[in-house]
Amino acid sequence: MEGTSKIVEEILDKLIEDISQLEEVDEQLATEFSKVLKGDKKVTAQKLEQIIYSEGEDL
Amino acid sequence: MKIDSLSIRNFRGIKDLTIPFDKKSWVIHGRNGSGKSGVIDAIEFGLSGTIGRLTGEGRGTVSVKEHGPHVDSKEKPQEAEIVLSLDLNGQGDHKVTRNCNTPSKFKITPENQASKLFNVGNEIVLSRREILKFILTEPGKRSKEVQSLLKIEKLDEIRSALQTLKNKVGRNLSAETQEFDRAKTKLKEWLKIEELSKEKVLEVVNKHRAVLQLNSLLDLSDETKLNEGVKEGNTKQFLNKAELSNLVGGIKNSLYDVDGSFSDLAKQYLDLVETLEKKEDELKKLNRLGFYETGLKLISQPECPFCENEWEQDDLRNLIEQKIKELSGIKNTKNKIDQHIQKLKIKWRGLKTDAESYEQKIAKNPNLSFSELEKVKSDLAVLISEQSSDSDTFKNAIRGMTLFGLKFEKSQFDSKFLDLEEQIKKLPEKSNEEVSREFLVICQERLDNYRASKRKYEYQKKKDQLTSTILEKYNGITEVHLNNLYTEIEKDFSRFYQIVNYDDEADFTGNLVADGGALDFKVDFYDRGKFPPAAYHSEGHQDGMGLCLYLALMKKILGDNFTLAILDDVLMSIDESHKKSFCKLLKKEFPNTQFIITTHDKYWQKQMITEELVTHATTLHFKNWSVDTGPCVWNEKDSWEEVDGLIQDDKIPSASHSLRRFLEYIVDDISVRIAAKIPRNPSGDYDMGELLTGATSRYGDLLKKAIKSARSWGNQNLVDTLESEKNHLAECLKKANSEAWGMNAMVHFNSWADMDQNAFREIRNAYYNLVQIFKCDSCNTLLHVVPIKGNSEILKCDCGQKNYNLKSKS
C-alpha cells in the first residue's frame, strides 16, 4: 500500500468488512479479495473476476 | 522537512548560486526574467527529480535531461547539479545530491532510517498553473488532480475495475437470458401452455402418461423424468407431424427473418462497423492499447525495461495516458460491435440447432430430406466459430446477406418449404400411445435443455447480482468517506478564503462533492447561490481560491508534517490588500511551514516583511539576469564597485544608470526597515526624489525621537552622539540634493556628454556618504525599527552596536 493514503485503507477495510457479511462470500473469498484490493499491483477487472468467481463454480 | 541550504550548479539559467535558507521562510524577489523560477526549478528537481514547468500539455519534447542543464552545459548534464541540505522532520541534517544526467537517481547522506523515508511528491511545489487546475478544470479532471494529491487514485482504479467487471458480467447475463428464454419458449410451445408452472406441466404430462398407463407424476423436481417408464424400444425414430411441422416452421421463420429482429441487429452492427472503418488509423493502433496500459504500469521503474536508459517518467506517463484516452472511444465502439455479434451468434446458433434437430428426426425418411440445410449448417458453423467480431467473414456475410446473413436466394428455399409442408401433411397419423410416447420423450429433451440453460442463466444472474452488490457497496462507502473527507477540506478551504477576503466575503463557503469519478466544486457568490468558481468570480479571486484549496488539501494530507511549500508567483492576479491577508493567513495558520515564495511584486515582497512572514535577512533580491552570469543578487559592495568601474572606464551614462537603480533598491530597502512612507506614482514606479525625501525625513524624525528619549533618561553622551549624527545627515543630504540635478541629467540622457569622470565621482560620493548614514559601522547592516509595525520603540542595527531607544521616560 506504499503511496496510498490512510483514507484508501479505511475505505477498503470497510468494504471488505461489508462484503464478508454477504451470504455468498466466504472467509477465503474475503481474504483473496482483500489481497487483490490492497496489493501493490494494479487492480483489474480480470483479477477481480478470477477471485470472485473461481473456476469450478457449481452450475 | 525543511531546507537548510541550496546549491545550484549549471542548472537552468543559473551557473552558480548558493542560498542559505536556514530552514526559514524566504521571499525571492526580482523582475520578470531575473532568474527566480530557476531557483524553484532547482528545489523541485533536487527534491523530486522532475521540473513541473517542463512537463504537461504543450511541453512536447522538452525533457529534464536535455533542457535541465544550463544552455552552456547542455552536452554535460552530469555537471548540472543540485545539492540540498535538508532537515528531515527533525531527524537531523541530510544532504541530497542530484544531477540532470540521471534525474531519477539521487544520493542522500548520511544513510539512515530518516534518509530511507526521503520520498517527496511534486505537490510541495506550486505554480499558478498548478493551483488553477484544481479550480478551473472540469469535475472529472479535478477529481483526478485532487485524488492524485490526496494519494487516493487507487479508489478510482478499483471503481473502474469493478465497473468493467459488472459490464462484462452484464453482457454474459444478457446472452444467457436469451438462451434461457428460447429454451423456455420451446418447452412451452411443446406443452402448448401459456405459463410455465409446475401444475400446468404435470397436468399436460400426466395426460400422456395416463394414455400409456404410467403412474402420474406427483411432483416436478430437478431430478424428475417426464418419460420415466416409457420403454426405450418405443422411443426411437419418431416422426411426429406436429414436431416436424414446428421445426420446419421455425427454420423458415429464422431464415426469412419474419420478425425483422435479425435485420435490425445486422443494420446496427453494420453502422457500428462503418463508424469504425472511418477511423482506420486509430483502429490500427487499437492493438497497442494493452501495450500502453502495461507500459503505464512499468513507468514506475526509473528506466526503460528494454534498453535500460533513463526516461522522463512524467512526460512518458502523460504521453501514454493521452494515447489510451484517444483509443478508448474506438474500444467502446468495438465493444458494442462485440455485443451485437454475440446476439447475432445466438440467433445463428438457434437456427443451426433447429437444423440439426430436424435432420436427426428425419434420418430414416428420405422423403423428408432437406439437403440444402447441409450448406446452411456449414456456413453457420463458420460464422459461429469466427472469433473476431469485425472480421471480413462477418462483414461480408451480413453485407451480402440475402437470408439470415447467408448467401442464399429466398427462391432456393420457397419451393422446398412448400414441398416439405406437403410431405409432412401426408405422414400417417400415430396411435394415441405412439403420440404420447413421442410427446414425453421430446418433452423431456426440451425440459433438459430448459434446465441446463436455466442453471447457466441463474449462475450468470448470481454473478451479476454479486458484482452489482459489491460495486454498490463500494460506491456507497467511497462516497461517504470521500464526502466526509471533502467536508473537512471544504471547511478549511472556506475558512482560509474568509480570512483572506474578510472585507467582502466573510460568510463565503465552498462545496466539494464527490460524484462517482467526478469531483464537483461550487462556491458561494455573495449569497446569490453556489456556482462554479469561474462563473462569476474574478481571476484574482480564482487565484485565491486555488491557493486556499491547496493549503486545505495539504493540511488534510500532511497535517503537522506540512513543513515546506514552494509558491512560484502564485498570487499574481490578486490585489495588494488581499496579498497582505495571505501573508497573515500563512503566518497564522502555518507557523511551522517553511514557505519559499517568488514574486516580481515589490509591494507584496514588502508586505511579507512587514507582516513578519519573512525578514530582511530572508529576502533575496535578484537585480538582473544574463546567460553568462545567471541571476545577480543585489549587493551593496558589488554595486559601488560596478559604478566605480564604469566611471573608471569613462562610461558615465552607464554609471549613472547603475547608480540610479542601486539607489532605488537601497533607499527602498531602507524605507521598509525604518518604516518610512514609500511614495508611488500612478504607474506604480518610484519617484526617486520623493523616495529619498521620505527616507531621510523619517530618519531625521527617528533621530529627533531618540535625542528626546536620551534627554529624558539623562544620557547626555548619547544626546551628543545623536546630535552629531543628525547634523551629519543634514550635511550629506544637502550635498546629495545639490548633486541631484547631475544625476537626473545623466539618467534622462541630458548633457551627459559634458560630464567628466571627476564631476560624476562627486555625485557618486555624495550618495555613497548619504547611504552610509543609515548603516552601522561595526556590522555593516542597515538600521531598522522595532517593532516593524505600529509605534516604533527602538532604532537599531543587527549587532546592537547602534541601539537607540525611541521612547521617552514618562
# chains A, B, ... in the order shown; residues from 1 in each chain; ligands from 1

call {"tool": "interface_residues", "arguments": {"of": "chain B", "to": "chain A", "cutoff": "9 Å", "atoms": "only C-alpha atoms", "output": "PyMOL selection string"}}
result
chain B and resi 150-155+157-158+160-166+168+297+452+455-456+458-459+463+466-467+469-470+473-474+477-478+481-482+485+557

call {"tool": "write_last_selection", "arguments": {"atoms": "N, CA and C atoms", "output": "short mmCIF file (atom, residue, chain, number, x, y, z; two decimals), in the first residue's frame"}}
result
data_model
loop_
_atom_site.label_atom_id
_atom_site.label_comp_id
_atom_site.auth_asym_id
_atom_site.auth_seq_id
_atom_site.Cartn_x
_atom_site.Cartn_y
_atom_site.Cartn_z
N LEU B 150 -4.16 13.71 -2.98
CA LEU B 150 -4.53 13.03 -1.74
C LEU B 150 -4.04 11.57 -1.71
N LYS B 151 -3.42 11.15 -2.79
CA LYS B 151 -2.95 9.78 -2.96
C LYS B 151 -4.10 8.77 -2.83
N ILE B 152 -5.22 9.10 -3.45
CA ILE B 152 -6.35 8.17 -3.39
C ILE B 152 -6.77 7.74 -4.80
N GLU B 153 -5.81 7.82 -5.76
CA GLU B 153 -6.15 7.41 -7.14
C GLU B 153 -6.58 5.96 -7.20
N LYS B 154 -6.09 5.18 -6.24
CA LYS B 154 -6.39 3.74 -6.26
C LYS B 154 -7.90 3.51 -6.17
N LEU B 155 -8.59 4.43 -5.50
CA LEU B 155 -10.04 4.29 -5.38
C LEU B 155 -10.69 4.29 -6.76
N GLU B 157 -9.22 3.53 -9.54
CA GLU B 157 -8.76 2.33 -10.25
C GLU B 157 -9.66 1.14 -9.90
N ILE B 158 -9.97 0.98 -8.61
CA ILE B 158 -10.81 -0.14 -8.17
C ILE B 158 -12.23 0.03 -8.69
N SER B 160 -13.17 1.58 -11.32
CA SER B 160 -13.16 1.31 -12.75
C SER B 160 -13.11 -0.19 -13.04
N ALA B 161 -12.29 -0.93 -12.27
CA ALA B 161 -12.19 -2.39 -12.46
C ALA B 161 -13.52 -3.07 -12.14
N LEU B 162 -14.16 -2.64 -11.05
CA LEU B 162 -15.45 -3.23 -10.69
C LEU B 162 -16.51 -2.92 -11.75
N GLN B 163 -16.48 -1.70 -12.27
CA GLN B 163 -17.45 -1.31 -13.29
C GLN B 163 -17.24 -2.14 -14.57
N THR B 164 -15.98 -2.33 -14.94
CA THR B 164 -15.68 -3.13 -16.14
C THR B 164 -16.18 -4.56 -15.95
N LEU B 165 -15.94 -5.11 -14.74
CA LEU B 165 -16.39 -6.47 -14.46
C LEU B 165 -17.91 -6.55 -14.54
N LYS B 166 -18.57 -5.54 -13.96
CA LYS B 166 -20.03 -5.55 -13.97
C LYS B 166 -20.55 -5.50 -15.41
N LYS B 168 -19.05 -6.61 -18.08
CA LYS B 168 -18.80 -7.89 -18.72
C LYS B 168 -19.82 -8.93 -18.27
N LYS B 297 2.11 0.92 -16.41
CA LYS B 297 2.45 0.32 -15.10
C LYS B 297 3.96 0.26 -14.92
N ALA B 452 -30.81 -26.87 -18.23
CA ALA B 452 -29.40 -26.50 -18.40
C ALA B 452 -29.25 -25.00 -18.61
N ARG B 455 -29.89 -23.10 -15.43
CA ARG B 455 -28.75 -23.11 -14.48
C ARG B 455 -27.69 -22.09 -14.91
N LYS B 456 -27.43 -22.08 -16.22
CA LYS B 456 -26.43 -21.11 -16.70
C LYS B 456 -26.91 -19.67 -16.46
N GLU B 458 -29.04 -18.65 -14.20
CA GLU B 458 -29.05 -18.31 -12.77
C GLU B 458 -27.63 -18.07 -12.24
N TYR B 459 -26.69 -18.83 -12.80
CA TYR B 459 -25.30 -18.61 -12.38
C TYR B 459 -24.85 -17.20 -12.79
N LYS B 463 -23.81 -14.02 -10.45
CA LYS B 463 -22.58 -13.25 -10.65
C LYS B 463 -22.92 -11.77 -10.80
N LEU B 466 -23.98 -10.31 -7.44
CA LEU B 466 -22.87 -10.14 -6.51
C LEU B 466 -21.97 -8.97 -6.95
N THR B 467 -21.71 -8.90 -8.24
CA THR B 467 -20.88 -7.79 -8.73
C THR B 467 -21.58 -6.45 -8.48
N THR B 469 -23.77 -5.81 -6.20
CA THR B 469 -23.77 -5.52 -4.76
C THR B 469 -22.42 -4.96 -4.33
N ILE B 470 -21.35 -5.61 -4.80
CA ILE B 470 -20.01 -5.15 -4.40
C ILE B 470 -19.78 -3.73 -4.92
N LYS B 473 -21.89 -1.29 -2.92
CA LYS B 473 -21.32 -1.07 -1.58
C LYS B 473 -20.06 -0.21 -1.70
N TYR B 474 -19.25 -0.55 -2.68
CA TYR B 474 -18.00 0.20 -2.85
C TYR B 474 -18.28 1.68 -3.10
N ILE B 477 -19.70 3.29 0.16
CA ILE B 477 -18.68 3.52 1.19
C ILE B 477 -17.72 4.62 0.75
N THR B 478 -17.31 4.54 -0.51
CA THR B 478 -16.37 5.55 -1.02
C THR B 478 -16.99 6.94 -0.96
N HIS B 481 -17.07 8.18 2.67
CA HIS B 481 -15.73 8.56 3.15
C HIS B 481 -15.20 9.79 2.44
N LEU B 482 -15.37 9.80 1.11
CA LEU B 482 -14.82 10.95 0.37
C LEU B 482 -15.56 12.23 0.72
N LEU B 485 -14.32 13.39 3.90
CA LEU B 485 -13.00 13.97 3.68
C LEU B 485 -13.13 15.36 3.05
N ILE B 557 -3.73 16.33 4.17
CA ILE B 557 -2.84 15.21 3.83
C ILE B 557 -1.68 15.10 4.81
#

call {"tool": "residues_around", "arguments": {"residues": "range 585-591 of chain B", "least_positions_apart": "5", "cutoff": "12 Å", "atoms": "only C-alpha atoms", "output": "MDAnalysis selection string"}}
result
chainID B and resid 24:25 492:493 495:502 544 547:548 551:552 554:555 558:565 567 578:580 596:597 608:614

call {"tool": "atom_distance", "arguments": {"atom1": "CA of Tyr767 in chain B", "atom2": "CA of Cys632 in chain B"}}
result
22.2 Å

call {"tool": "residues_around", "arguments": {"residues": "Ser20 in chain A", "least_positions_apart": "6", "cutoff": "9 Å", "atoms": "only C-alpha atoms", "output": "PyMOL selection string"}}
result
chain A and resi 26-27+29-31

call {"tool": "residues_around", "arguments": {"residues": "Asn246 in chain B", "least_positions_apart": "6", "cutoff": "12 Å", "atoms": "only C-alpha atoms", "output": "mmCIF file with C-alpha atoms, in the first residue's frame"}}
result
data_model
loop_
_atom_site.group_PDB
_atom_site.id
_atom_site.type_symbol
_atom_site.label_atom_id
_atom_site.label_comp_id
_atom_site.auth_asym_id
_atom_site.auth_seq_id
_atom_site.Cartn_x
_atom_site.Cartn_y
_atom_site.Cartn_z
ATOM 1 C CA LYS B 186 -39.585 -24.142 -26.952
ATOM 2 C CA GLU B 189 -44.683 -24.445 -27.328
ATOM 3 C CA TRP B 190 -44.297 -28.214 -26.983
ATOM 4 C CA LYS B 192 -48.940 -25.870 -25.558
ATOM 5 C CA ASN B 240 -44.198 -36.584 -35.186
ATOM 6 C CA LYS B 252 -38.329 -20.945 -42.186
ATOM 7 C CA ASN B 253 -39.119 -18.074 -39.771
ATOM 8 C CA ASP B 354 -33.058 -26.479 -35.280
ATOM 9 C CA ALA B 355 -31.445 -27.670 -38.494
ATOM 10 C CA SER B 357 -32.585 -31.441 -34.751
ATOM 11 C CA TYR B 358 -34.617 -31.699 -37.954
ATOM 12 C CA LEU B 420 -41.765 -30.304 -47.069
ATOM 13 C CA GLU B 421 -45.019 -28.952 -45.675
ATOM 14 C CA ILE B 424 -45.334 -33.700 -43.511
#

call {"tool": "residues_around", "arguments": {"residues": "range 706-720 of chain B", "least_positions_apart": "2", "cutoff": "10 Å", "atoms": "only C-alpha atoms", "output": "PDB file with N, CA and C atoms, in the first residue's frame"}}
result
ATOM      1  N   GLY B 700      15.368  61.419  10.010  1.00  0.00           N
ATOM      2  CA  GLY B 700      15.559  62.623  10.825  1.00  0.00           C
ATOM      3  C   GLY B 700      14.603  62.621  12.007  1.00  0.00           C
ATOM      4  N   ASP B 701      13.349  62.261  11.755  1.00  0.00           N
ATOM      5  CA  ASP B 701      12.356  62.208  12.835  1.00  0.00           C
ATOM      6  C   ASP B 701      12.750  61.185  13.890  1.00  0.00           C
ATOM      7  N   LEU B 702      13.259  60.045  13.432  1.00  0.00           N
ATOM      8  CA  LEU B 702      13.648  58.990  14.378  1.00  0.00           C
ATOM      9  C   LEU B 702      14.810  59.474  15.253  1.00  0.00           C
ATOM     10  N   LEU B 703      15.754  60.194  14.629  1.00  0.00           N
ATOM     11  CA  LEU B 703      16.882  60.709  15.412  1.00  0.00           C
ATOM     12  C   LEU B 703      16.391  61.721  16.449  1.00  0.00           C
ATOM     13  N   LYS B 704      15.415  62.547  16.037  1.00  0.00           N
ATOM     14  CA  LYS B 704      14.853  63.526  16.990  1.00  0.00           C
ATOM     15  C   LYS B 704      14.209  62.806  18.166  1.00  0.00           C
ATOM     16  N   LEU B 722      23.914  61.522  18.994  1.00  0.00           N
ATOM     17  CA  LEU B 722      22.773  61.584  18.084  1.00  0.00           C
ATOM     18  C   LEU B 722      22.695  62.947  17.401  1.00  0.00           C
ATOM     19  N   GLU B 723      22.997  64.007  18.159  1.00  0.00           N
ATOM     20  CA  GLU B 723      23.005  65.345  17.549  1.00  0.00           C
ATOM     21  C   GLU B 723      24.026  65.381  16.415  1.00  0.00           C
ATOM     22  N   SER B 724      25.178  64.757  16.670  1.00  0.00           N
ATOM     23  CA  SER B 724      26.224  64.714  15.652  1.00  0.00           C
ATOM     24  C   SER B 724      25.729  63.959  14.408  1.00  0.00           C
ATOM     25  N   GLU B 725      25.051  62.873  14.642  1.00  0.00           N
ATOM     26  CA  GLU B 725      24.507  62.093  13.510  1.00  0.00           C
ATOM     27  C   GLU B 725      23.472  62.903  12.740  1.00  0.00           C
ATOM     28  N   LYS B 726      22.645  63.639  13.491  1.00  0.00           N
ATOM     29  CA  LYS B 726      21.612  64.461  12.859  1.00  0.00           C
ATOM     30  C   LYS B 726      22.246  65.515  11.949  1.00  0.00           C
ATOM     31  N   GLU B 793       9.676  51.660  18.646  1.00  0.00           N
ATOM     32  CA  GLU B 793      10.200  51.841  20.002  1.00  0.00           C
ATOM     33  C   GLU B 793      11.721  51.886  20.022  1.00  0.00           C
ATOM     34  N   ILE B 794      12.365  51.211  19.062  1.00  0.00           N
ATOM     35  CA  ILE B 794      13.828  51.144  19.034  1.00  0.00           C
ATOM     36  C   ILE B 794      14.302  51.319  17.585  1.00  0.00           C
ATOM     37  N   LEU B 795      15.461  51.979  17.435  1.00  0.00           N
ATOM     38  CA  LEU B 795      16.144  52.044  16.138  1.00  0.00           C
ATOM     39  C   LEU B 795      17.486  51.358  16.339  1.00  0.00           C
ATOM     40  N   ASN B 803      21.879  51.157  18.999  1.00  0.00           N
ATOM     41  CA  ASN B 803      20.620  50.705  19.589  1.00  0.00           C
ATOM     42  C   ASN B 803      20.006  51.894  20.315  1.00  0.00           C
ATOM     43  N   TYR B 804      19.099  52.611  19.614  1.00  0.00           N
ATOM     44  CA  TYR B 804      18.566  53.861  20.153  1.00  0.00           C
ATOM     45  C   TYR B 804      17.133  53.669  20.622  1.00  0.00           C
ATOM     46  N   ASN B 805      16.942  54.006  21.896  1.00  0.00           N
ATOM     47  CA  ASN B 805      15.599  53.943  22.470  1.00  0.00           C
ATOM     48  C   ASN B 805      14.803  55.126  21.931  1.00  0.00           C
ATOM     49  N   LEU B 806      13.608  54.897  21.459  1.00  0.00           N
ATOM     50  CA  LEU B 806      12.784  55.976  20.900  1.00  0.00           C
ATOM     51  C   LEU B 806      11.695  56.415  21.875  1.00  0.00           C
ATOM     52  N   LYS B 807      11.603  55.720  23.003  1.00  0.00           N
ATOM     53  CA  LYS B 807      10.534  56.045  23.973  1.00  0.00           C
ATOM     54  C   LYS B 807      11.100  56.885  25.110  1.00  0.00           C
ATOM     55  N   SER B 808      10.509  58.013  25.338  1.00  0.00           N
ATOM     56  CA  SER B 808      10.986  58.889  26.414  1.00  0.00           C
ATOM     57  C   SER B 808      10.494  58.383  27.760  1.00  0.00           C
ATOM     58  N   LYS B 809      11.244  58.769  28.804  1.00  0.00           N
ATOM     59  CA  LYS B 809      10.838  58.401  30.168  1.00  0.00           C
ATOM     60  C   LYS B 809       9.538  59.120  30.493  1.00  0.00           C
ATOM     61  N   SER B 810       8.574  58.406  30.945  1.00  0.00           N
ATOM     62  CA  SER B 810       7.278  59.055  31.187  1.00  0.00           C
ATOM     63  C   SER B 810       7.255  59.716  32.566  1.00  0.00           C
TER      64      SER B 810
END

call {"tool": "atom_distance", "arguments": {"atom1": "CA of Ser115 in chain B", "atom2": "CA of Gly38 in chain B"}}
result
25.8 Å

call {"tool": "select_by_dssp", "arguments": {"residues": "chain A", "states": "helix (DSSP H, G or I)", "output": "PyMOL selection string"}}
result
chain A and resi 6-20+27-38+45-52

call {"tool": "residues_around", "arguments": {"residues": "Phe394 in chain B", "least_positions_apart": "5", "cutoff": "9 Å", "atoms": "only C-alpha atoms", "output": "list in words"}}
result
Ile341, Leu383, Glu386, Ser388, Ser389, Arg399 and Gly405 of chain B

call {"tool": "write_last_selection", "arguments": {"atoms": "N, CA and C atoms", "output": "PDB file, in the first residue's frame"}}
result
ATOM      1  N   ILE B 341     -22.483  -8.882 -32.250  1.00  0.00           N
ATOM      2  CA  ILE B 341     -22.125 -10.175 -32.832  1.00  0.00           C
ATOM      3  C   ILE B 341     -22.542 -11.314 -31.900  1.00  0.00           C
ATOM      4  N   LEU B 383     -19.581 -18.964 -39.307  1.00  0.00           N
ATOM      5  CA  LEU B 383     -19.915 -17.695 -38.638  1.00  0.00           C
ATOM      6  C   LEU B 383     -19.830 -17.830 -37.121  1.00  0.00           C
ATOM      7  N   GLU B 386     -16.230 -17.985 -35.825  1.00  0.00           N
ATOM      8  CA  GLU B 386     -15.373 -16.814 -36.068  1.00  0.00           C
ATOM      9  C   GLU B 386     -15.199 -16.022 -34.764  1.00  0.00           C
ATOM     10  N   SER B 388     -13.155 -13.014 -34.316  1.00  0.00           N
ATOM     11  CA  SER B 388     -13.042 -11.557 -34.420  1.00  0.00           C
ATOM     12  C   SER B 388     -14.368 -10.944 -34.857  1.00  0.00           C
ATOM     13  N   SER B 389     -14.912 -10.054 -34.034  1.00  0.00           N
ATOM     14  CA  SER B 389     -16.260  -9.542 -34.277  1.00  0.00           C
ATOM     15  C   SER B 389     -16.338  -8.578 -35.463  1.00  0.00           C
ATOM     16  N   ARG B 399     -23.228  -7.996 -45.087  1.00  0.00           N
ATOM     17  CA  ARG B 399     -23.413  -7.035 -46.186  1.00  0.00           C
ATOM     18  C   ARG B 399     -24.064  -7.719 -47.400  1.00  0.00           C
ATOM     19  N   GLY B 405     -27.981 -13.614 -43.164  1.00  0.00           N
ATOM     20  CA  GLY B 405     -26.532 -13.485 -43.226  1.00  0.00           C
ATOM     21  C   GLY B 405     -25.883 -14.575 -44.058  1.00  0.00           C
TER      22      GLY B 405
END
